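Raw contents of input12.csv, CSV, C-alpha atoms:
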```csv
chain,number,residue,atom,x,y,z
A,1,MET,CA,64.3,11.0,-79.6
A,2,LEU,CA,62.6,7.9,-78.1
A,3,LYS,CA,64.8,4.9,-77.5
A,4,ILE,CA,63.4,1.4,-77.6
A,5,LEU,CA,65.5,-1.4,-76.1
A,6,GLY,CA,64.7,-4.9,-77.3
A,7,LYS,CA,65.1,-7.3,-80.3
A,8,SER,CA,62.7,-7.0,-83.2
A,9,SER,CA,61.6,-10.6,-83.1
A,10,SER,CA,60.1,-10.4,-79.5
A,11,ILE,CA,56.3,-10.2,-79.7
A,12,ASN,CA,56.3,-7.6,-76.9
A,13,VAL,CA,58.9,-5.4,-78.6
A,14,ARG,CA,56.9,-5.7,-81.8
A,15,LYS,CA,53.9,-4.1,-80.1
A,16,VAL,CA,55.9,-1.0,-79.5
A,17,LEU,CA,57.5,-0.9,-82.9
A,18,TRP,CA,54.2,-1.3,-84.7
A,19,LEU,CA,52.6,1.4,-82.5
A,20,CYS,CA,55.4,3.8,-83.3
A,21,GLU,CA,54.6,3.3,-87.0
A,22,GLU,CA,50.9,4.0,-86.3
A,23,LEU,CA,51.9,7.1,-84.4
A,24,GLY,CA,54.5,8.2,-87.0
A,25,LEU,CA,57.0,8.5,-84.2
A,26,PRO,CA,60.7,8.3,-84.9
A,27,TYR,CA,62.8,6.2,-82.6
A,28,GLU,CA,66.2,4.6,-82.1
A,29,GLN,CA,66.3,0.9,-81.4
A,30,GLU,CA,68.9,-1.2,-79.7
A,31,GLN,CA,68.7,-4.9,-80.0
A,32,TYR,CA,68.6,-6.6,-76.5
A,33,GLY,CA,67.5,-10.1,-75.6
A,34,SER,CA,68.6,-13.6,-76.2
A,35,GLY,CA,71.0,-13.7,-79.2
A,36,PHE,CA,71.7,-10.0,-78.9
A,37,GLN,CA,73.0,-7.8,-76.1
A,38,ALA,CA,72.4,-9.3,-72.6
A,39,THR,CA,69.7,-8.0,-70.4
A,40,ASP,CA,71.1,-9.4,-67.1
A,41,THR,CA,73.8,-6.8,-66.8
A,42,PRO,CA,73.9,-4.2,-64.0
A,43,GLU,CA,73.4,-1.4,-66.7
A,44,PHE,CA,70.3,-2.9,-68.2
A,45,MET,CA,68.9,-4.0,-64.8
A,46,ALA,CA,69.2,-0.4,-63.6
A,47,LEU,CA,66.7,0.4,-66.3
A,48,ASN,CA,64.5,-2.7,-65.8
A,49,PRO,CA,65.2,-4.8,-62.7
A,50,ASN,CA,63.2,-7.6,-64.4
A,51,ALA,CA,65.8,-7.9,-67.1
A,52,MET,CA,63.1,-8.0,-69.8
A,53,VAL,CA,62.4,-6.3,-73.1
A,54,PRO,CA,61.0,-3.9,-74.2
A,55,VAL,CA,62.2,-0.9,-72.3
A,56,LEU,CA,61.2,2.6,-73.5
A,57,ILE,CA,63.4,5.7,-72.8
A,58,ASP,CA,61.7,9.0,-73.3
A,59,ASP,CA,64.2,11.6,-72.1
A,60,ASP,CA,64.6,10.9,-68.4
A,61,PHE,CA,61.5,8.7,-68.2
A,62,VAL,CA,62.1,5.0,-68.3
A,63,LEU,CA,59.2,2.6,-68.8
A,64,TRP,CA,58.9,-1.2,-69.0
A,65,GLU,CA,55.9,-3.6,-69.5
A,66,SER,CA,54.9,-3.6,-73.1
A,67,ASN,CA,51.2,-2.9,-72.7
A,68,THR,CA,51.9,0.0,-70.4
A,69,ILE,CA,54.4,1.4,-72.9
A,70,CYS,CA,51.6,1.2,-75.6
A,71,ARG,CA,49.1,3.0,-73.3
A,72,TYR,CA,51.7,5.7,-72.5
A,73,LEU,CA,52.7,6.4,-76.1
A,74,ALA,CA,49.0,6.6,-77.2
A,75,GLY,CA,48.3,9.0,-74.4
A,76,ARG,CA,51.4,11.0,-75.0
A,77,GLU,CA,50.4,11.5,-78.7
A,78,GLN,CA,46.7,12.1,-77.6
A,79,ARG,CA,45.5,9.3,-79.9
A,80,PHE,CA,42.2,8.8,-78.3
A,81,ASP,CA,41.1,6.8,-81.3
A,82,LEU,CA,43.7,4.1,-80.3
A,83,LEU,CA,42.9,4.4,-76.5
A,84,PRO,CA,39.8,6.4,-75.6
A,85,GLY,CA,40.0,8.9,-72.8
A,86,ALA,CA,36.5,8.2,-71.4
A,87,PRO,CA,36.5,5.4,-68.8
A,88,ARG,CA,34.0,3.1,-70.5
A,89,GLY,CA,35.5,3.2,-74.0
A,90,ARG,CA,39.0,2.9,-72.5
A,91,ALA,CA,38.0,-0.1,-70.4
A,92,LEU,CA,36.6,-2.0,-73.5
A,93,VAL,CA,40.1,-1.7,-75.1
A,94,GLU,CA,42.0,-2.4,-71.9
A,95,LYS,CA,40.0,-5.5,-71.1
A,96,TRP,CA,41.2,-7.2,-74.3
A,97,MET,CA,44.8,-6.0,-73.8
A,98,ASP,CA,44.7,-7.6,-70.3
A,99,TRP,CA,43.2,-10.7,-71.7
A,100,GLN,CA,45.9,-11.0,-74.3
A,101,ALA,CA,48.6,-10.6,-71.7
A,102,THR,CA,47.2,-12.9,-69.1
A,103,GLU,CA,45.2,-15.6,-71.0
A,104,LEU,CA,45.8,-15.7,-74.7
A,105,ASN,CA,49.6,-15.4,-74.3
A,106,ASN,CA,49.7,-18.1,-71.7
A,107,SER,CA,47.6,-20.4,-73.8
A,108,TRP,CA,50.2,-20.5,-76.7
A,109,ARG,CA,53.5,-20.4,-74.8
A,110,TYR,CA,54.1,-24.2,-74.6
A,111,ALA,CA,53.0,-25.1,-78.2
A,112,PHE,CA,54.9,-22.1,-79.6
A,113,MET,CA,58.2,-23.0,-77.8
A,114,ALA,CA,57.9,-26.6,-79.0
A,115,LEU,CA,56.7,-26.1,-82.6
A,116,VAL,CA,58.5,-22.9,-83.6
A,117,ARG,CA,61.4,-22.5,-81.2
A,118,ARG,CA,62.1,-26.3,-81.1
A,119,SER,CA,62.9,-25.9,-77.4
A,120,PRO,CA,64.2,-29.3,-75.9
A,121,ALA,CA,62.5,-28.3,-72.6
A,122,HIS,CA,59.1,-28.2,-74.4
A,123,ALA,CA,58.9,-31.7,-76.0
A,124,ASP,CA,56.2,-33.5,-74.2
A,125,PRO,CA,53.7,-34.5,-76.9
A,126,GLU,CA,50.7,-34.5,-74.5
A,127,ALA,CA,51.5,-30.9,-73.3
A,128,ILE,CA,52.0,-29.8,-77.0
A,129,GLU,CA,48.6,-31.3,-77.9
A,130,ALA,CA,47.0,-29.6,-74.8
A,131,GLY,CA,48.7,-26.4,-75.7
A,132,VAL,CA,47.4,-26.4,-79.3
A,133,ALA,CA,43.9,-27.2,-78.1
A,134,GLY,CA,44.0,-24.3,-75.6
A,135,TRP,CA,45.4,-21.9,-78.1
A,136,ASN,CA,42.7,-22.8,-80.6
A,137,ARG,CA,40.0,-22.5,-77.9
A,138,HIS,CA,41.2,-18.9,-77.1
A,139,MET,CA,41.3,-18.0,-80.8
A,140,ALA,CA,37.7,-19.2,-81.0
A,141,MET,CA,36.9,-16.5,-78.5
A,142,VAL,CA,38.6,-14.0,-80.8
A,143,GLU,CA,36.4,-15.3,-83.6
A,144,ALA,CA,33.3,-14.9,-81.6
A,145,GLN,CA,34.2,-11.3,-80.6
A,146,LEU,CA,35.1,-10.3,-84.2
A,147,SER,CA,31.8,-11.8,-85.4
A,148,ARG,CA,30.1,-9.5,-82.9
A,149,THR,CA,32.0,-6.3,-83.9
A,150,GLY,CA,32.3,-7.2,-87.6
A,151,ALA,CA,35.7,-5.4,-87.8
A,152,TYR,CA,38.1,-5.0,-84.9
A,153,ILE,CA,38.5,-6.5,-81.4
A,154,ALA,CA,37.0,-3.6,-79.3
A,155,GLY,CA,34.5,-2.4,-81.9
A,156,ALA,CA,34.2,-0.8,-85.4
A,157,SER,CA,37.6,0.9,-85.3
A,158,PHE,CA,41.3,0.0,-84.8
A,159,THR,CA,42.7,0.3,-81.3
A,160,LEU,CA,45.6,-0.7,-79.1
A,161,ALA,CA,43.8,-4.0,-78.5
A,162,ASP,CA,44.3,-4.9,-82.2
A,163,ILE,CA,48.0,-4.3,-81.9
A,164,VAL,CA,48.4,-6.9,-79.2
A,165,ILE,CA,45.8,-9.4,-80.5
A,166,GLY,CA,46.9,-8.8,-84.1
A,167,LEU,CA,50.4,-10.0,-83.2
A,168,SER,CA,49.1,-13.0,-81.4
A,169,THR,CA,47.0,-13.8,-84.5
A,170,HIS,CA,50.0,-13.7,-86.8
A,171,ARG,CA,51.8,-16.1,-84.5
A,172,TRP,CA,48.8,-18.4,-84.5
A,173,TYR,CA,48.9,-18.5,-88.4
A,174,MET,CA,52.7,-19.0,-88.5
A,175,THR,CA,52.9,-21.9,-86.1
A,176,PRO,CA,52.8,-25.3,-87.9
A,177,MET,CA,49.8,-27.0,-86.2
A,178,PRO,CA,46.2,-28.0,-86.9
A,179,ARG,CA,43.9,-25.0,-86.8
A,180,PRO,CA,40.1,-24.8,-87.1
A,181,ALA,CA,38.7,-22.6,-89.9
A,182,LEU,CA,37.9,-19.2,-88.2
A,183,PRO,CA,36.5,-17.0,-91.0
A,184,ALA,CA,36.2,-13.8,-89.0
A,185,VAL,CA,39.8,-14.2,-87.8
A,186,ALA,CA,41.0,-14.8,-91.4
A,187,ALA,CA,39.2,-11.7,-92.6
A,188,TYR,CA,40.7,-9.7,-89.6
A,189,TYR,CA,44.2,-11.0,-90.5
A,190,GLU,CA,43.7,-9.5,-94.0
A,191,ARG,CA,42.2,-6.3,-92.7
A,192,LEU,CA,45.2,-5.7,-90.4
A,193,SER,CA,47.6,-6.5,-93.3
A,194,GLU,CA,46.4,-3.3,-95.0
A,195,ARG,CA,48.4,-1.4,-92.3
A,196,PRO,CA,52.0,-0.7,-93.2
A,197,GLY,CA,53.0,-1.0,-89.5
A,198,TYR,CA,51.6,-4.6,-89.3
A,199,ARG,CA,53.3,-5.6,-92.5
A,200,LEU,CA,56.6,-4.2,-91.1
A,201,HIS,CA,56.5,-5.6,-87.6
A,202,GLY,CA,53.6,-8.1,-87.5
A,203,ARG,CA,53.0,-10.1,-90.6
A,204,ASN,CA,56.6,-9.9,-91.8
A,205,GLY,CA,57.6,-13.6,-92.1
A,206,THR,CA,58.8,-13.9,-88.5
A,207,PRO,CA,56.6,-16.0,-86.3
B,1,MET,CA,24.3,0.1,-57.6
B,2,LEU,CA,27.6,-1.5,-58.6
B,3,LYS,CA,27.4,-5.3,-58.8
B,4,ILE,CA,30.4,-7.5,-58.4
B,5,TRP,CA,30.3,-11.2,-59.2
B,6,GLY,CA,32.9,-13.4,-57.6
B,7,ARG,CA,33.9,-15.3,-54.4
B,8,LEU,CA,35.9,-13.2,-52.0
B,9,ASN,CA,38.7,-15.6,-51.6
B,10,SER,CA,39.7,-15.0,-55.2
B,11,LEU,CA,42.7,-12.8,-55.5
B,12,ASN,CA,41.2,-11.0,-58.5
B,13,VAL,CA,37.9,-10.4,-56.8
B,14,LYS,CA,39.7,-8.9,-53.8
B,15,LYS,CA,41.2,-6.2,-56.0
B,16,VAL,CA,37.8,-5.0,-57.1
B,17,VAL,CA,36.2,-5.2,-53.7
B,18,TRP,CA,39.0,-3.2,-52.2
B,19,CYS,CA,39.0,-0.7,-55.0
B,20,ALA,CA,35.3,-0.1,-54.7
B,21,ALA,CA,35.7,0.4,-50.9
B,22,GLU,CA,38.6,2.7,-51.4
B,23,LEU,CA,36.4,4.9,-53.7
B,24,GLY,CA,33.5,4.8,-51.2
B,25,LEU,CA,31.3,3.1,-53.7
B,26,PRO,CA,28.4,1.1,-52.4
B,27,PHE,CA,28.2,-2.3,-54.1
B,28,GLU,CA,26.5,-5.7,-54.0
B,29,ARG,CA,28.7,-8.7,-54.3
B,30,ILE,CA,27.3,-12.0,-55.6
B,31,ASP,CA,29.3,-15.2,-54.8
B,32,ALA,CA,30.3,-17.0,-57.9
B,33,GLY,CA,33.1,-19.3,-59.0
B,34,GLY,CA,34.9,-22.1,-57.1
B,35,PRO,CA,32.4,-24.0,-54.9
B,36,PHE,CA,29.7,-21.5,-55.8
B,37,GLY,CA,30.0,-22.3,-59.5
B,38,GLY,CA,27.7,-20.4,-61.9
B,39,LEU,CA,30.4,-19.4,-64.4
B,40,ASP,CA,29.3,-21.7,-67.2
B,41,THR,CA,25.6,-20.7,-67.4
B,42,PRO,CA,24.4,-19.0,-70.6
B,43,GLU,CA,23.4,-15.9,-68.5
B,44,PHE,CA,27.0,-15.6,-67.1
B,45,LEU,CA,28.7,-16.3,-70.4
B,46,ALA,CA,26.5,-13.7,-72.1
B,47,ARG,CA,28.1,-11.1,-69.8
B,48,ASN,CA,31.6,-12.6,-69.8
B,49,PRO,CA,32.4,-15.0,-72.6
B,50,ASN,CA,35.7,-15.8,-70.8
B,51,GLY,CA,33.7,-17.4,-67.9
B,52,THR,CA,35.9,-15.8,-65.2
B,53,ILE,CA,35.5,-13.7,-62.1
B,54,PRO,CA,35.4,-10.9,-61.3
B,55,LEU,CA,32.7,-9.5,-63.4
B,56,ILE,CA,31.0,-6.1,-62.8
B,57,ASP,CA,27.9,-4.4,-63.8
B,58,ASP,CA,28.1,-0.6,-63.2
B,59,ASP,CA,24.8,1.0,-64.2
B,60,GLY,CA,24.3,-1.3,-67.2
B,61,PHE,CA,28.0,-1.4,-68.2
B,62,THR,CA,29.5,-4.9,-67.9
B,63,LEU,CA,33.2,-5.5,-67.6
B,64,TRP,CA,35.6,-8.4,-66.9
B,65,GLU,CA,39.4,-8.7,-66.4
B,66,SER,CA,40.3,-7.6,-62.9
B,67,ASN,CA,42.9,-5.0,-63.7
B,68,ALA,CA,40.7,-3.5,-66.4
B,69,ILE,CA,37.9,-3.2,-63.8
B,70,VAL,CA,40.2,-1.6,-61.3
B,71,ARG,CA,41.5,0.9,-63.9
B,72,TYR,CA,37.9,1.6,-65.0
B,73,LEU,CA,36.6,2.2,-61.4
B,74,ALA,CA,39.6,4.3,-60.5
B,75,ALA,CA,39.4,6.4,-63.7
B,76,LYS,CA,35.7,7.0,-63.3
B,77,TYR,CA,35.5,7.6,-59.6
B,78,GLY,CA,39.0,8.3,-58.5
B,79,HIS,CA,40.6,10.5,-61.2
B,80,GLY,CA,43.5,12.4,-59.7
B,81,SER,CA,43.8,10.1,-56.7
B,82,LEU,CA,43.8,6.3,-57.3
B,83,TYR,CA,44.1,7.1,-61.0
B,84,PRO,CA,47.0,9.6,-61.5
B,85,ASP,CA,46.3,12.5,-63.7
B,86,ASP,CA,49.8,12.9,-64.9
B,87,LEU,CA,50.6,10.6,-67.8
B,88,GLN,CA,54.0,9.4,-66.6
B,89,GLN,CA,52.7,8.8,-63.1
B,90,ARG,CA,49.8,6.9,-64.5
B,91,ALA,CA,52.1,4.8,-66.6
B,92,ASP,CA,54.2,4.1,-63.5
B,93,ALA,CA,51.0,2.7,-61.8
B,94,ASP,CA,50.0,0.8,-64.9
B,95,ARG,CA,53.4,-0.8,-65.1
B,96,TRP,CA,53.1,-2.3,-61.6
B,97,MET,CA,49.6,-3.6,-62.4
B,98,ASP,CA,50.8,-5.2,-65.6
B,99,TRP,CA,53.8,-6.7,-63.7
B,100,GLN,CA,51.4,-8.1,-61.1
B,101,ALA,CA,49.3,-9.8,-63.9
B,102,THR,CA,52.1,-11.0,-66.1
B,103,VAL,CA,55.1,-11.7,-63.8
B,104,PHE,CA,54.2,-11.8,-60.1
B,105,ASN,CA,50.9,-13.6,-60.3
B,106,PRO,CA,51.9,-16.4,-62.7
B,107,ALA,CA,54.9,-17.1,-60.3
B,108,LEU,CA,52.6,-17.1,-57.2
B,109,VAL,CA,49.6,-19.0,-58.5
B,110,PRO,CA,51.0,-22.6,-58.3
B,111,ALA,CA,51.7,-22.0,-54.6
B,112,ILE,CA,48.2,-20.7,-54.0
B,113,TYR,CA,46.6,-23.5,-55.9
B,114,ASN,CA,48.6,-26.2,-54.2
B,115,LEU,CA,48.4,-24.8,-50.6
B,116,LEU,CA,44.9,-23.5,-50.6
B,117,ARG,CA,42.8,-25.1,-53.3
B,118,VAL,CA,43.6,-28.8,-53.4
B,119,PRO,CA,43.5,-31.5,-50.6
B,120,PRO,CA,46.9,-32.1,-49.0
B,121,GLU,CA,47.4,-35.5,-50.6
B,122,GLN,CA,47.1,-33.9,-54.1
B,123,ARG,CA,49.7,-31.2,-53.5
B,124,SER,CA,52.7,-30.9,-55.7
B,125,GLN,CA,55.7,-30.1,-53.5
B,126,ASP,CA,57.8,-29.4,-56.6
B,127,ALA,CA,55.4,-26.8,-57.8
B,128,ILE,CA,55.3,-25.2,-54.4
B,129,ASP,CA,59.1,-25.1,-54.1
B,130,THR,CA,59.5,-23.6,-57.6
B,131,ALA,CA,56.9,-20.9,-56.8
B,132,ARG,CA,58.6,-20.1,-53.5
B,133,VAL,CA,62.0,-19.6,-55.1
B,134,LYS,CA,60.6,-17.5,-58.0
B,135,VAL,CA,58.4,-15.3,-55.8
B,136,ASP,CA,61.1,-14.8,-53.3
B,137,ARG,CA,63.3,-13.4,-56.1
B,138,LEU,CA,60.5,-11.0,-57.2
B,139,ALA,CA,60.0,-10.0,-53.5
B,140,SER,CA,63.6,-9.0,-53.4
B,141,LEU,CA,63.0,-6.7,-56.4
B,142,LEU,CA,60.0,-5.2,-54.7
B,143,GLU,CA,62.0,-4.8,-51.5
B,144,GLN,CA,64.6,-2.7,-53.3
B,145,HIS,CA,61.9,-0.7,-55.2
B,146,LEU,CA,60.0,0.1,-52.0
B,147,THR,CA,63.1,1.4,-50.2
B,148,GLY,CA,62.7,5.2,-50.1
B,149,ARG,CA,59.1,5.0,-51.4
B,150,THR,CA,55.9,5.1,-49.2
B,151,TRP,CA,53.8,3.5,-51.9
B,152,LEU,CA,54.6,1.8,-55.1
B,153,THR,CA,54.7,4.9,-57.2
B,154,GLY,CA,56.1,7.2,-54.5
B,155,LYS,CA,54.3,9.5,-52.1
B,156,CYS,CA,50.7,8.8,-53.3
B,157,PHE,CA,48.6,5.6,-52.8
B,158,THR,CA,47.3,4.5,-56.3
B,159,MET,CA,45.4,1.7,-58.0
B,160,ALA,CA,48.7,-0.1,-58.3
B,161,ASP,CA,49.0,-0.6,-54.5
B,162,ILE,CA,45.6,-2.3,-54.5
B,163,VAL,CA,46.4,-4.7,-57.3
B,164,LEU,CA,49.9,-5.8,-56.2
B,165,GLY,CA,48.9,-5.5,-52.5
B,166,CYS,CA,46.3,-8.3,-53.0
B,167,SER,CA,49.0,-10.6,-54.4
B,168,VAL,CA,51.5,-9.7,-51.6
B,169,HIS,CA,48.8,-10.4,-49.1
B,170,LEU,CA,48.6,-14.0,-50.3
B,171,TRP,CA,52.3,-14.3,-50.5
B,172,LEU,CA,53.0,-13.1,-47.0
B,173,ASN,CA,50.3,-15.3,-45.4
B,174,LEU,CA,50.9,-18.6,-47.2
B,175,PRO,CA,52.6,-21.3,-45.0
B,176,LEU,CA,56.0,-20.9,-46.7
B,177,GLU,CA,59.5,-20.0,-45.8
B,178,ARG,CA,60.3,-16.4,-46.9
B,179,THR,CA,63.3,-14.2,-46.7
B,180,SER,CA,62.7,-11.3,-44.3
B,181,ARG,CA,61.8,-8.2,-46.3
B,182,PRO,CA,61.4,-5.2,-43.9
B,183,GLU,CA,60.4,-2.7,-46.6
B,184,LEU,CA,57.8,-5.0,-48.1
B,185,GLU,CA,56.4,-5.8,-44.7
B,186,ARG,CA,56.3,-2.1,-43.8
B,187,TRP,CA,54.3,-1.4,-47.0
B,188,TYR,CA,52.0,-4.4,-46.4
B,189,ALA,CA,51.3,-3.1,-42.8
B,190,ALA,CA,50.4,0.3,-44.3
B,191,LEU,CA,48.0,-1.4,-46.7
B,192,ARG,CA,46.3,-3.4,-43.9
B,193,ALA,CA,45.9,-0.2,-41.9
B,194,ARG,CA,43.6,1.3,-44.6
B,195,PRO,CA,40.0,0.8,-43.5
B,196,ALA,CA,39.0,0.1,-47.1
B,197,SER,CA,41.3,-3.0,-47.3
B,198,THR,CA,39.7,-4.8,-44.3
B,199,GLU,CA,37.2,-6.9,-46.3
B,200,ALA,CA,39.6,-7.9,-49.1
B,201,LEU,CA,42.7,-8.6,-46.9
B,202,GLN,CA,40.9,-10.6,-44.2
B,203,LEU,CA,42.7,-13.6,-42.6
B,204,PRO,CA,43.0,-16.5,-42.5
B,205,LEU,CA,43.4,-17.2,-46.2
B,206,SER,CA,41.1,-19.7,-47.8
```
Could the structure of this file be written out as C-alpha cells, please?
Amino acid sequence: MLKILGKSSSINVRKVLWLCEELGLPYEQEQYGSGFQATDTPEFMALNPNAMVPVLIDDDFVLWESNTICRYLAGREQRFDLLPGAPRGRALVEKWMDWQATELNNSWRYAFMALVRRSPAHADPEAIEAGVAGWNRHMAMVEAQLSRTGAYIAGASFTLADIVIGLSTHRWYMTPMPRPALPAVAAYYERLSERPGYRLHGRNGTP
Amino acid sequence: MLKIWGRLNSLNVKKVVWCAAELGLPFERIDAGGPFGGLDTPEFLARNPNGTIPLIDDDGFTLWESNAIVRYLAAKYGHGSLYPDDLQQRADADRWMDWQATVFNPALVPAIYNLLRVPPEQRSQDAIDTARVKVDRLASLLEQHLTGRTWLTGKCFTMADIVLGCSVHLWLNLPLERTSRPELERWYAALRARPASTEALQLPLS
C-alpha cells in the first residue's frame, strides 16, 4: 500500500491526500513535520535529504516534491483527465502547477505566517501589507483565468492544476485580511466544494 | 519556427534555449525583459498574463513558465531521451526540476540579484551572505546525490540536468566563496562539454 509521510495540515501534503481521494487510492499516512515526528533525523533524511514533507513511498520507490508526487500518481493511475498525456494539454496544466509553486505560493507566505501562524519573525506591518497586496494581485490573475475558462483553471474540466490552486484559494479565504470581491474565484470555491476530497483535505476548517 | 521571448542572461530563458538546442530545434529568440523591457505591453500580456520571460510560440501554441516549457519541448520532441518514458524515471527528473524551482532557485536568486543586477552601492551584503550559506548547504546535498551518478537521474542525461544545470552555472560563476565540491564540478564540466549548452552557459555572467 502507498505510504504518505507528512502532517495533514501542510498545504503540500494536502495536495497528495486530496489527489488520493480523487483517485480512490488507499494509503497509510504517518504524521511528520513541526509539531509531529521530526524530519531532520538520519532515517527521514535518508528518504528525503531536504527534510521536507510530503514523501511518498510506493514499494521501493521513494518520491518527494509535492507537485511531482501528484504528476506521478495521476500517471500511475492513467488518469489523463487529471493530467493529459499529449504534450500541449499536459503543458497547459503544468504551467499553472508551476505558477502555483513558484509565484502564487511565494506571494502569500509572509502574510500567511503573520496573520494565521502569528509568527514573531513575520511581524513587520509594511511587509504584511505588501504581502496581502501581492497575494490579492495573484488571486486577481486566477480570477481572470477562471473568467476565461468559465469553470476550472486549465479549461472546462477538473485537473491537477485545480488541486494545487484550489488549496491556495482555500487558504486565501481563511486568512483574516482585506480581500477584493472576485466573483469567478468565489464560484470556483463553491464548485470545488462539491468534491468530497476537497471537503476532506481542502475546505475542512484548517487554513 | 519556434519563437522564444526573453533576454539570454535570464536563468529561466537559458533553460529553454539550451533545451531547444539539445533537441536540435531551430528557433528565433527575441530579446525581452530587463533592459529590453516589453513585458507590460498589451500584446505581450495577451500571450502571457503573468508578464514574465521566457514565453514561447510553437506553431501557434503559446506557453509560459520555464519548467513547463522545458517539459513541453522535451515531451514533444525528446520523448524517451530528455523526457524519460518510464513513469518513475520521469518522476525522478520532474522532482529535481521542481526542487530547482521551489528550493534551489529561491535560495540563489538574492545572490544573483545583488551581485549581477544592481549597482555595487545598492548591494545588500546580508542578502548575499544568507544566500551563500543556504546554497552552499544545498550544494552539499547535490554533491552527495551526484556521487555514483553520471547525471542527476543516473546514467541518462535528461531535462532535469538542463534545468538544474542553469542554476548551478550561475552559482559556480558568481564571485562568492564556495566549498569545494568535486562531484558537482565534474557534473558541471560534463554539462559545459555538451555542444548544445554553449549558448546558454556562456561566460562571463551578466
- Message: Can you work out which residues from chain B touch chain A at a cut-off of 8 Å (counting all atoms listed in the file) and hand them back as number ranges by chain?
- Response: B: 49-50, 61, 63-65, 67-69, 71-72, 75-76, 87-88, 91-92, 94-95, 98-99, 101-102, 141
- Note on the structure: In Å and to one decimal, atom CA of Ala121 of chain A is distant from atom CA of Arg137 of chain A by 23.8 Å
- Query: Any idea what's packed within 12 Å of Trp135 of chain A, counting all atoms listed in the file, ignoring anything in its chain fewer than 2 positions away? Could you give it as a ChimeraX atom specification?
  - Reply: /A:100,103-112,127-133,137-142,168-169,171-173,175,177-180
- Task: Find the distance between atom CA of Pro84 of chain A and atom CA of Ile153 of chain A and write it in Å to one decimal.
- Result: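 One can read the atom CA of Pro84 of chain A to atom CA of Ile153 of chain A distance as 14.2 Å.
Atom CA of Val53 of chain A sits 7.1 Å away from atom CA of Tyr32 of chain A.
Around Met52 of chain A, within 8 Å and counting all atoms listed in the file, the residues found are Gly33, Thr39, Asn48, Asn50, Pro54 and Val55 of chain A, once anything fewer than 2 positions away on its own chain is removed.
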- Mind listing as a ChimeraX atom specification all residues within 9 Å of (46.1, -5.6, -85.2), counting only C-alpha atoms? /A:152-153,158-169,188-189,191-193,195,198,202
- Test item: residues at most 9 Å from Asn105 of chain B, all atoms listed in the file, excluding those fewer than 4 positions along its chain, as an NGL selection string: :B and (99-101 or 109 or 135 or 164 or 167)
- Message: Give me, as a list in words, all polymer residues having an atom no more than 7 Å from segment 20-31 of chain B, counting all atoms listed in the file and skipping those fewer than 3 positions away in the same chain.
- Response: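 So, after excluding close chain neighbours, the residues are Met1, Leu2, Lys3, Ile4, Trp5, Gly6, Arg7, Val16, Val17, Phe36, Tyr77, Gly78 and Ala196 of chain B.
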- Task: Considering all atoms listed in the file, state which residue in the set B:Tyr83, B:Trp18, B:Phe104, B:Phe44 is at the smallest distance from Thr158 of chain B.
- Result: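 Nearest candidate to Thr158 of chain B out of B:Tyr83, B:Trp18, B:Phe104, B:Phe44: B:Tyr83.
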- Within 7 Å of Gln29 of chain A, counting all atoms listed in the file, which residues qualify if same-chain residues fewer than 5 places away don't, as a list in words?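 Counting all atoms listed in the file, the residues come to Lys3, Ile4 and Leu5 of chain A.
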Is it possible to produce a file of segment 157-166 of chain B from this structure, with N, CA, C and O atoms, as a CSV table (one decimal), in the first residue's frame?
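Output contents, as saved in decode-v3.csv:
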```
chain,number,residue,atom,x,y,z
B,157,PHE,N,21.3,11.5,-19.5
B,157,PHE,CA,21.1,12.9,-19.5
B,157,PHE,C,19.6,13.2,-19.7
B,157,PHE,O,19.0,12.7,-20.7
B,158,THR,N,18.9,14.0,-18.9
B,158,THR,CA,17.5,14.3,-19.1
B,158,THR,C,17.3,15.8,-18.9
B,158,THR,O,18.2,16.6,-18.6
B,159,MET,N,16.0,16.2,-19.1
B,159,MET,CA,15.6,17.6,-18.9
B,159,MET,C,16.0,18.2,-17.6
B,159,MET,O,16.2,19.4,-17.4
B,160,ALA,N,16.1,17.3,-16.6
B,160,ALA,CA,16.4,17.8,-15.2
B,160,ALA,C,17.8,18.4,-15.2
B,160,ALA,O,18.1,19.4,-14.5
B,161,ASP,N,18.8,17.8,-15.9
B,161,ASP,CA,20.1,18.3,-16.0
B,161,ASP,C,20.2,19.7,-16.6
B,161,ASP,O,21.0,20.5,-16.2
B,162,ILE,N,19.3,19.9,-17.5
B,162,ILE,CA,19.3,21.3,-18.2
B,162,ILE,C,18.8,22.3,-17.1
B,162,ILE,O,19.5,23.3,-16.9
B,163,VAL,N,17.7,22.0,-16.5
B,163,VAL,CA,17.1,23.0,-15.6
B,163,VAL,C,18.0,23.3,-14.4
B,163,VAL,O,18.3,24.4,-14.1
B,164,LEU,N,18.5,22.3,-13.7
B,164,LEU,CA,19.3,22.5,-12.5
B,164,LEU,C,20.7,23.0,-13.0
B,164,LEU,O,21.3,23.8,-12.3
B,165,GLY,N,21.1,22.5,-14.1
B,165,GLY,CA,22.4,22.9,-14.7
B,165,GLY,C,22.5,24.4,-14.9
B,165,GLY,O,23.6,25.0,-14.6
B,166,CYS,N,21.4,25.1,-15.3
B,166,CYS,CA,21.4,26.5,-15.5
B,166,CYS,C,21.6,27.2,-14.1
B,166,CYS,O,22.3,28.2,-14.0
```
